[in-house]
>>> print(open('query_16.cif').read())   # mmCIF, N, CA, C and O atoms
data_final
#
loop_
_atom_site.group_PDB
_atom_site.id
_atom_site.type_symbol
_atom_site.label_atom_id
_atom_site.label_comp_id
_atom_site.auth_asym_id
_atom_site.auth_seq_id
_atom_site.Cartn_x
_atom_site.Cartn_y
_atom_site.Cartn_z
ATOM 1 N N MET Q 279 0.827 -1.190 0.000
ATOM 2 C CA MET Q 279 0.000 0.000 0.000
ATOM 3 C C MET Q 279 0.870 1.252 0.000
ATOM 4 O O MET Q 279 0.574 2.220 -0.670
ATOM 5 N N LYS Q 280 1.937 1.203 0.746
ATOM 6 C CA LYS Q 280 2.816 2.362 0.840
ATOM 7 C C LYS Q 280 3.489 2.644 -0.505
ATOM 8 O O LYS Q 280 3.655 3.783 -0.904
ATOM 9 N N ARG Q 281 3.887 1.592 -1.193
ATOM 10 C CA ARG Q 281 4.551 1.746 -2.480
ATOM 11 C C ARG Q 281 3.602 2.351 -3.510
ATOM 12 O O ARG Q 281 3.992 3.204 -4.304
ATOM 13 N N LYS Q 282 2.351 1.930 -3.511
ATOM 14 C CA LYS Q 282 1.367 2.468 -4.444
ATOM 15 C C LYS Q 282 1.177 3.964 -4.207
ATOM 16 O O LYS Q 282 1.108 4.755 -5.152
ATOM 17 N N ASN Q 283 1.102 4.352 -2.968
ATOM 18 C CA ASN Q 283 0.958 5.762 -2.623
ATOM 19 C C ASN Q 283 2.169 6.562 -3.106
ATOM 20 O O ASN Q 283 2.032 7.679 -3.600
ATOM 21 N N PHE Q 284 3.348 5.987 -2.972
ATOM 22 C CA PHE Q 284 4.573 6.649 -3.424
ATOM 23 C C PHE Q 284 4.523 6.945 -4.916
ATOM 24 O O PHE Q 284 4.817 8.050 -5.364
ATOM 25 N N PHE Q 285 4.133 5.941 -5.710
ATOM 26 C CA PHE Q 285 4.081 6.138 -7.162
ATOM 27 C C PHE Q 285 2.968 7.096 -7.571
ATOM 28 O O PHE Q 285 3.109 7.838 -8.548
ATOM 29 N N LEU Q 286 1.878 7.105 -6.851
ATOM 30 C CA LEU Q 286 0.822 8.087 -7.132
ATOM 31 C C LEU Q 286 1.295 9.506 -6.851
ATOM 32 O O LEU Q 286 0.972 10.433 -7.599
ATOM 33 N N GLU Q 287 2.059 9.672 -5.793
ATOM 34 C CA GLU Q 287 2.609 10.993 -5.497
ATOM 35 C C GLU Q 287 3.606 11.434 -6.553
ATOM 36 O O GLU Q 287 3.657 12.616 -6.917
ATOM 37 N N ILE Q 288 4.408 10.512 -7.052
ATOM 38 C CA ILE Q 288 5.343 10.838 -8.138
ATOM 39 C C ILE Q 288 4.575 11.282 -9.373
ATOM 40 O O ILE Q 288 4.914 12.278 -10.014
ATOM 41 N N TYR Q 289 3.524 10.543 -9.719
ATOM 42 C CA TYR Q 289 2.708 10.891 -10.884
ATOM 43 C C TYR Q 289 2.099 12.277 -10.720
ATOM 44 O O TYR Q 289 2.161 13.098 -11.639
ATOM 45 N N ASP Q 290 1.509 12.553 -9.564
ATOM 46 C CA ASP Q 290 0.903 13.867 -9.326
ATOM 47 C C ASP Q 290 1.940 14.988 -9.395
ATOM 48 O O ASP Q 290 1.687 16.047 -9.971
ATOM 49 N N GLU Q 291 3.102 14.747 -8.813
ATOM 50 C CA GLU Q 291 4.165 15.754 -8.835
ATOM 51 C C GLU Q 291 4.618 16.038 -10.262
ATOM 52 O O GLU Q 291 4.814 17.186 -10.655
ATOM 53 N N PHE Q 292 4.779 14.987 -11.040
ATOM 54 C CA PHE Q 292 5.290 15.140 -12.401
ATOM 55 C C PHE Q 292 4.305 15.865 -13.305
ATOM 56 O O PHE Q 292 4.682 16.726 -14.091
ATOM 57 N N PHE Q 293 3.032 15.522 -13.224
ATOM 58 C CA PHE Q 293 2.069 16.071 -14.175
ATOM 59 C C PHE Q 293 1.350 17.334 -13.694
ATOM 60 O O PHE Q 293 0.841 18.100 -14.512
ATOM 61 N N TYR Q 294 1.336 17.582 -12.396
ATOM 62 C CA TYR Q 294 0.549 18.716 -11.917
ATOM 63 C C TYR Q 294 1.352 19.783 -11.184
ATOM 64 O O TYR Q 294 0.884 20.903 -11.028
ATOM 65 N N CYS Q 295 2.542 19.456 -10.731
ATOM 66 C CA CYS Q 295 3.292 20.421 -9.935
ATOM 67 C C CYS Q 295 4.554 20.939 -10.617
ATOM 68 O O CYS Q 295 5.084 21.966 -10.218
ATOM 69 N N MET Q 296 5.046 20.224 -11.603
ATOM 70 C CA MET Q 296 6.280 20.662 -12.268
ATOM 71 C C MET Q 296 6.000 21.803 -13.223
ATOM 72 O O MET Q 296 4.938 21.853 -13.857
ATOM 73 N N THR Q 297 6.938 22.709 -13.325
ATOM 74 C CA THR Q 297 6.837 23.765 -14.317
ATOM 75 C C THR Q 297 7.983 23.597 -15.304
ATOM 76 O O THR Q 297 9.122 23.327 -14.922
ATOM 77 N N TRP Q 298 7.673 23.710 -16.558
ATOM 78 C CA TRP Q 298 8.665 23.555 -17.607
ATOM 79 C C TRP Q 298 9.059 24.936 -18.125
ATOM 80 O O TRP Q 298 8.241 25.854 -18.161
ATOM 81 N N PRO Q 299 10.310 25.113 -18.535
ATOM 82 C CA PRO Q 299 10.726 26.430 -19.045
ATOM 83 C C PRO Q 299 10.052 26.747 -20.375
ATOM 84 O O PRO Q 299 9.635 25.857 -21.113
ATOM 85 N N LYS Q 300 9.958 28.030 -20.638
ATOM 86 C CA LYS Q 300 9.386 28.482 -21.910
ATOM 87 C C LYS Q 300 10.359 28.184 -23.052
ATOM 88 O O LYS Q 300 11.558 28.058 -22.853
ATOM 89 N N TRP Q 301 9.828 28.078 -24.260
ATOM 90 C CA TRP Q 301 10.637 27.734 -25.423
ATOM 91 C C TRP Q 301 11.723 28.781 -25.679
ATOM 92 O O TRP Q 301 12.863 28.445 -25.989
ATOM 93 N N ILE Q 302 11.404 30.054 -25.516
ATOM 94 C CA ILE Q 302 12.388 31.119 -25.757
ATOM 95 C C ILE Q 302 13.519 31.044 -24.732
ATOM 96 O O ILE Q 302 14.687 31.279 -25.066
ATOM 97 N N ASP Q 303 13.211 30.667 -23.493
ATOM 98 C CA ASP Q 303 14.248 30.513 -22.474
ATOM 99 C C ASP Q 303 15.192 29.366 -22.829
ATOM 100 O O ASP Q 303 16.403 29.455 -22.634
ATOM 101 N N LEU Q 304 14.632 28.292 -23.342
ATOM 102 C CA LEU Q 304 15.467 27.163 -23.765
ATOM 103 C C LEU Q 304 16.386 27.550 -24.918
ATOM 104 O O LEU Q 304 17.560 27.157 -24.949
ATOM 105 N N GLN Q 305 15.859 28.319 -25.865
ATOM 106 C CA GLN Q 305 16.676 28.753 -26.999
ATOM 107 C C GLN Q 305 17.810 29.668 -26.542
ATOM 108 O O GLN Q 305 18.946 29.524 -26.995
ATOM 109 N N GLU Q 306 17.505 30.599 -25.660
ATOM 110 C CA GLU Q 306 18.541 31.517 -25.168
ATOM 111 C C GLU Q 306 19.626 30.763 -24.407
ATOM 112 O O GLU Q 306 20.822 31.009 -24.599
ATOM 113 N N THR Q 307 19.223 29.846 -23.560
ATOM 114 C CA THR Q 307 20.188 29.073 -22.789
ATOM 115 C C THR Q 307 21.048 28.211 -23.702
ATOM 116 O O THR Q 307 22.263 28.087 -23.495
ATOM 117 N N THR Q 308 20.441 27.621 -24.721
ATOM 118 C CA THR Q 308 21.193 26.798 -25.669
ATOM 119 C C THR Q 308 22.221 27.630 -26.416
ATOM 120 O O THR Q 308 23.360 27.191 -26.614
ATOM 121 N N LEU Q 309 21.858 28.839 -26.824
ATOM 122 C CA LEU Q 309 22.804 29.712 -27.514
ATOM 123 C C LEU Q 309 23.962 30.114 -26.608
ATOM 124 O O LEU Q 309 25.119 30.130 -27.037
ATOM 125 N N ILE Q 310 23.669 30.415 -25.358
ATOM 126 C CA ILE Q 310 24.723 30.803 -24.416
ATOM 127 C C ILE Q 310 25.688 29.648 -24.186
ATOM 128 O O ILE Q 310 26.910 29.822 -24.238
ATOM 129 N N VAL Q 311 25.149 28.463 -23.954
ATOM 130 C CA VAL Q 311 26.004 27.294 -23.721
ATOM 131 C C VAL Q 311 26.827 26.975 -24.962
ATOM 132 O O VAL Q 311 28.022 26.660 -24.870
ATOM 133 N N SER Q 312 26.233 27.072 -26.150
ATOM 134 C CA SER Q 312 26.959 26.803 -27.392
ATOM 135 C C SER Q 312 28.094 27.802 -27.590
ATOM 136 O O SER Q 312 29.213 27.420 -27.962
ATOM 137 N N PHE Q 313 27.812 29.081 -27.349
ATOM 138 C CA PHE Q 313 28.834 30.114 -27.512
ATOM 139 C C PHE Q 313 30.013 29.866 -26.582
ATOM 140 O O PHE Q 313 31.171 29.891 -27.005
ATOM 141 N N PHE Q 314 29.736 29.642 -25.308
ATOM 142 C CA PHE Q 314 30.826 29.440 -24.363
ATOM 143 C C PHE Q 314 31.564 28.133 -24.607
ATOM 144 O O PHE Q 314 32.766 28.042 -24.344
ATOM 145 N N SER Q 315 30.882 27.117 -25.105
ATOM 146 C CA SER Q 315 31.564 25.867 -25.440
ATOM 147 C C SER Q 315 32.543 26.085 -26.591
ATOM 148 O O SER Q 315 33.682 25.594 -26.549
ATOM 149 N N MET Q 316 32.121 26.821 -27.626
ATOM 150 C CA MET Q 316 33.022 27.113 -28.744
ATOM 151 C C MET Q 316 34.174 27.998 -28.293
ATOM 152 O O MET Q 316 35.331 27.766 -28.669
ATOM 153 N N PHE Q 317 33.884 29.016 -27.484
ATOM 154 C CA PHE Q 317 34.925 29.899 -26.982
ATOM 155 C C PHE Q 317 35.951 29.129 -26.155
ATOM 156 O O PHE Q 317 37.162 29.292 -26.347
ATOM 157 N N LEU Q 318 35.477 28.267 -25.276
ATOM 158 C CA LEU Q 318 36.388 27.488 -24.440
ATOM 159 C C LEU Q 318 37.223 26.521 -25.264
ATOM 160 O O LEU Q 318 38.420 26.362 -25.012
ATOM 161 N N SER Q 319 36.636 25.899 -26.269
ATOM 162 C CA SER Q 319 37.401 24.965 -27.089
ATOM 163 C C SER Q 319 38.473 25.694 -27.900
ATOM 164 O O SER Q 319 39.608 25.208 -28.011
ATOM 165 N N ILE Q 320 38.161 26.874 -28.439
ATOM 166 C CA ILE Q 320 39.160 27.649 -29.181
ATOM 167 C C ILE Q 320 40.259 28.141 -28.246
ATOM 168 O O ILE Q 320 41.449 28.083 -28.572
ATOM 169 N N PHE Q 321 39.879 28.595 -27.052
ATOM 170 C CA PHE Q 321 40.854 29.050 -26.066
ATOM 171 C C PHE Q 321 41.802 27.917 -25.666
ATOM 172 O O PHE Q 321 43.028 28.093 -25.629
ATOM 173 N N LEU Q 322 41.255 26.757 -25.366
ATOM 174 C CA LEU Q 322 42.092 25.626 -24.969
ATOM 175 C C LEU Q 322 42.973 25.137 -26.118
ATOM 176 O O LEU Q 322 44.095 24.678 -25.894
ATOM 177 N N TYR Q 323 42.484 25.232 -27.344
ATOM 178 C CA TYR Q 323 43.300 24.886 -28.504
ATOM 179 C C TYR Q 323 44.511 25.826 -28.591
ATOM 180 O O TYR Q 323 45.639 25.395 -28.843
ATOM 181 N N GLY Q 324 44.293 27.111 -28.352
ATOM 182 C CA GLY Q 324 45.392 28.077 -28.373
ATOM 183 C C GLY Q 324 46.381 27.856 -27.246
ATOM 184 O O GLY Q 324 47.596 27.912 -27.449
ATOM 185 N N VAL Q 325 45.890 27.585 -26.055
ATOM 186 C CA VAL Q 325 46.773 27.323 -24.925
ATOM 187 C C VAL Q 325 47.591 26.054 -25.185
ATOM 188 O O VAL Q 325 48.791 26.012 -24.895
ATOM 189 N N ASP Q 326 46.958 25.038 -25.728
ATOM 190 C CA ASP Q 326 47.666 23.800 -26.053
ATOM 191 C C ASP Q 326 48.744 24.060 -27.104
ATOM 192 O O ASP Q 326 49.853 23.535 -27.013
ATOM 193 N N GLY Q 327 48.438 24.881 -28.100
ATOM 194 C CA GLY Q 327 49.425 25.225 -29.120
ATOM 195 C C GLY Q 327 50.615 25.964 -28.532
ATOM 196 O O GLY Q 327 51.768 25.689 -28.886
ATOM 197 N N LEU Q 328 50.348 26.904 -27.634
ATOM 198 C CA LEU Q 328 51.445 27.618 -26.968
ATOM 199 C C LEU Q 328 52.281 26.672 -26.107
ATOM 200 O O LEU Q 328 53.510 26.768 -26.084
ATOM 201 N N PHE Q 329 51.637 25.778 -25.412
ATOM 202 C CA PHE Q 329 52.344 24.814 -24.580
ATOM 203 C C PHE Q 329 53.260 23.931 -25.427
ATOM 204 O O PHE Q 329 54.427 23.704 -25.074
ATOM 205 N N ILE Q 330 52.766 23.458 -26.556
ATOM 206 C CA ILE Q 330 53.579 22.640 -27.454
ATOM 207 C C ILE Q 330 54.753 23.452 -27.999
ATOM 208 O O ILE Q 330 55.886 22.968 -28.075
ATOM 209 N N PHE Q 331 54.492 24.705 -28.370
ATOM 210 C CA PHE Q 331 55.549 25.574 -28.884
ATOM 211 C C PHE Q 331 56.665 25.746 -27.856
ATOM 212 O O PHE Q 331 57.852 25.594 -28.168
ATOM 213 N N PHE Q 332 56.277 26.043 -26.599
ATOM 214 C CA PHE Q 332 57.294 26.243 -25.563
ATOM 215 C C PHE Q 332 58.021 24.944 -25.206
ATOM 216 O O PHE Q 332 59.211 24.966 -24.907
ATOM 217 N N MET Q 333 57.346 23.826 -25.260
ATOM 218 C CA MET Q 333 58.012 22.549 -24.993
ATOM 219 C C MET Q 333 59.034 22.233 -26.083
ATOM 220 O O MET Q 333 60.142 21.743 -25.795
ATOM 221 N N LYS Q 334 58.699 22.526 -27.340
ATOM 222 C CA LYS Q 334 59.649 22.301 -28.425
ATOM 223 C C LYS Q 334 60.861 23.217 -28.283
ATOM 224 O O LYS Q 334 62.005 22.783 -28.496
ATOM 225 N N LYS Q 335 60.628 24.474 -27.907
ATOM 226 C CA LYS Q 335 61.750 25.405 -27.700
ATOM 227 C C LYS Q 335 62.607 24.961 -26.510
ATOM 228 O O LYS Q 335 63.826 25.055 -26.547
ATOM 229 N N LEU Q 336 61.984 24.512 -25.454
ATOM 230 C CA LEU Q 336 62.698 24.110 -24.247
ATOM 231 C C LEU Q 336 63.585 22.893 -24.503
ATOM 232 O O LEU Q 336 64.725 22.836 -24.081
ATOM 233 N N PHE Q 337 63.064 21.904 -25.213
ATOM 234 C CA PHE Q 337 63.816 20.662 -25.419
ATOM 235 C C PHE Q 337 64.726 20.711 -26.643
ATOM 236 O O PHE Q 337 65.475 19.770 -26.885
ATOM 237 N N SER Q 338 64.684 21.778 -27.420
ATOM 238 C CA SER Q 338 65.579 21.875 -28.550
ATOM 239 C C SER Q 338 66.898 22.577 -28.172
ATOM 240 O O SER Q 338 67.752 22.775 -29.012
ATOM 241 N N LEU Q 339 67.041 22.976 -26.917
ATOM 242 C CA LEU Q 339 68.263 23.618 -26.452
ATOM 243 C C LEU Q 339 69.315 22.613 -26.411
ATOM 244 O O LEU Q 339 70.251 22.255 -26.525
#
>>> encode(input="query_16.cif", output="structure tokens")
Amino acid sequence: MKRKNFFLEIYDEFFYCMTWPKWIDLQETTLIVSFFSMFLSIFLYGVDGLFIFFMKKLFSL
């Protein structure tokens, strides 16, 4: 009996109490995350390139 009540409460919470974000909010958040992901990947690519450059200079002495 207790388990049945638990699942009924989950169902009620999911369908009647949850609020979902608006479509425009999802689009804005997706654009922000995409921009920062591209920025971070380009930044890390540059840092990695500099690191390789300095390692080659260091070990070519």
>>> select_by_dssp(input="query_16.cif", residues="chain Q", states="alpha helix (DSSP H)", output="VMD selection string")
chain Q and resid 280 to 290 301 to 337
>>> axis_aligned_box(input="query_16.cif", around="range 315-327 of chain Q", padding_each_side="3 Å", output="lines of an AutoDock Vina configuration file")
center_x = 41.3
center_y = 26.7
center_z = -26.8
size_x = 26.9
size_y = 12.4
size_z = 10.7
>>> atom_distance(input="query_16.cif", atom1="CA of Phe292 in chain Q", atom2="atom O of Thr308 in chain Q")
26.0 Å
>>> atom_distance(input="query_16.cif", atom1="atom O of Ser315 in chain Q", atom2="atom N of Trp298 in chain Q")
27.9 Å
>>> atom_distance(input="query_16.cif", atom1="atom O of Ile330 in chain Q", atom2="atom O of Phe313 in chain Q")
25.7 Å
>>> build_atoms(input="query_16.cif", residues="range 327-338 of chain Q", atoms="all heavy atoms", output="CSV table (one decimal), in the frame of the given file")
chain,number,residue,atom,x,y,z
Q,327,GLY,N,48.4,24.9,-28.1
Q,327,GLY,CA,49.4,25.2,-29.1
Q,327,GLY,C,50.6,26.0,-28.5
Q,327,GLY,O,51.8,25.7,-28.9
Q,328,LEU,N,50.3,26.9,-27.6
Q,328,LEU,CA,51.4,27.6,-27.0
Q,328,LEU,C,52.3,26.7,-26.1
Q,328,LEU,O,53.5,26.8,-26.1
Q,328,LEU,CB,50.9,28.7,-26.1
Q,328,LEU,CG,50.5,30.0,-26.8
Q,328,LEU,CD1,49.8,31.0,-25.9
Q,328,LEU,CD2,51.6,30.7,-27.5
Q,329,PHE,N,51.6,25.8,-25.4
Q,329,PHE,CA,52.3,24.8,-24.6
Q,329,PHE,C,53.3,23.9,-25.4
Q,329,PHE,O,54.4,23.7,-25.1
Q,329,PHE,CB,51.3,24.0,-23.8
Q,329,PHE,CG,52.0,23.0,-22.9
Q,329,PHE,CD1,52.5,23.5,-21.7
Q,329,PHE,CD2,52.0,21.7,-23.1
Q,329,PHE,CE1,53.1,22.6,-20.8
Q,329,PHE,CE2,52.6,20.8,-22.2
Q,329,PHE,CZ,53.1,21.2,-21.1
Q,330,ILE,N,52.8,23.5,-26.6
Q,330,ILE,CA,53.6,22.6,-27.5
Q,330,ILE,C,54.8,23.5,-28.0
Q,330,ILE,O,55.9,23.0,-28.1
Q,330,ILE,CB,52.7,22.1,-28.6
Q,330,ILE,CG1,51.8,21.0,-28.0
Q,330,ILE,CG2,53.6,21.5,-29.7
Q,330,ILE,CD1,50.7,20.6,-29.0
Q,331,PHE,N,54.5,24.7,-28.4
Q,331,PHE,CA,55.5,25.6,-28.9
Q,331,PHE,C,56.7,25.7,-27.9
Q,331,PHE,O,57.9,25.6,-28.2
Q,331,PHE,CB,55.0,26.9,-29.3
Q,331,PHE,CG,56.0,28.0,-29.7
Q,331,PHE,CD1,56.6,27.9,-30.9
Q,331,PHE,CD2,56.3,29.0,-28.8
Q,331,PHE,CE1,57.5,28.8,-31.3
Q,331,PHE,CE2,57.3,29.9,-29.1
Q,331,PHE,CZ,57.9,29.9,-30.4
Q,332,PHE,N,56.3,26.0,-26.6
Q,332,PHE,CA,57.3,26.2,-25.6
Q,332,PHE,C,58.0,24.9,-25.2
Q,332,PHE,O,59.2,25.0,-24.9
Q,332,PHE,CB,56.7,26.9,-24.3
Q,332,PHE,CG,56.3,28.3,-24.5
Q,332,PHE,CD1,55.1,28.8,-24.2
Q,332,PHE,CD2,57.3,29.2,-24.9
Q,332,PHE,CE1,54.8,30.1,-24.4
Q,332,PHE,CE2,57.0,30.6,-25.1
Q,332,PHE,CZ,55.7,31.0,-24.8
Q,333,MET,N,57.3,23.8,-25.3
Q,333,MET,CA,58.0,22.5,-25.0
Q,333,MET,C,59.0,22.2,-26.1
Q,333,MET,O,60.1,21.7,-25.8
Q,333,MET,CB,57.0,21.4,-24.9
Q,333,MET,CG,56.2,21.4,-23.6
Q,333,MET,SD,57.2,21.1,-22.2
Q,333,MET,CE,57.0,22.5,-21.3
Q,334,LYS,N,58.7,22.5,-27.3
Q,334,LYS,CA,59.6,22.3,-28.4
Q,334,LYS,C,60.9,23.2,-28.3
Q,334,LYS,O,62.0,22.8,-28.5
Q,334,LYS,CB,59.0,22.5,-29.8
Q,334,LYS,CG,58.1,21.4,-30.2
Q,334,LYS,CD,57.4,21.7,-31.6
Q,334,LYS,CE,56.5,20.5,-32.0
Q,334,LYS,NZ,55.9,20.8,-33.3
Q,335,LYS,N,60.6,24.5,-27.9
Q,335,LYS,CA,61.8,25.4,-27.7
Q,335,LYS,C,62.6,25.0,-26.5
Q,335,LYS,O,63.8,25.1,-26.5
Q,335,LYS,CB,61.2,26.8,-27.5
Q,335,LYS,CG,60.7,27.5,-28.7
Q,335,LYS,CD,61.8,27.8,-29.6
Q,335,LYS,CE,61.2,28.6,-30.8
Q,335,LYS,NZ,62.2,28.8,-31.8
Q,336,LEU,N,62.0,24.5,-25.5
Q,336,LEU,CA,62.7,24.1,-24.2
Q,336,LEU,C,63.6,22.9,-24.5
Q,336,LEU,O,64.7,22.8,-24.1
Q,336,LEU,CB,61.7,23.8,-23.1
Q,336,LEU,CG,62.3,23.4,-21.8
Q,336,LEU,CD1,63.1,24.5,-21.1
Q,336,LEU,CD2,61.2,22.9,-20.9
Q,337,PHE,N,63.1,21.9,-25.2
Q,337,PHE,CA,63.8,20.7,-25.4
Q,337,PHE,C,64.7,20.7,-26.6
Q,337,PHE,O,65.5,19.8,-26.9
Q,337,PHE,CB,62.9,19.5,-25.5
Q,337,PHE,CG,62.3,19.1,-24.2
Q,337,PHE,CD1,60.9,19.3,-24.0
Q,337,PHE,CD2,63.1,18.7,-23.1
Q,337,PHE,CE1,60.3,19.0,-22.7
Q,337,PHE,CE2,62.5,18.4,-21.9
Q,337,PHE,CZ,61.2,18.5,-21.7
Q,338,SER,N,64.7,21.8,-27.4
Q,338,SER,CA,65.6,21.9,-28.6
Q,338,SER,C,66.9,22.6,-28.2
Q,338,SER,O,67.8,22.8,-29.0
Q,338,SER,CB,64.9,22.6,-29.7
Q,338,SER,OG,64.7,24.0,-29.4
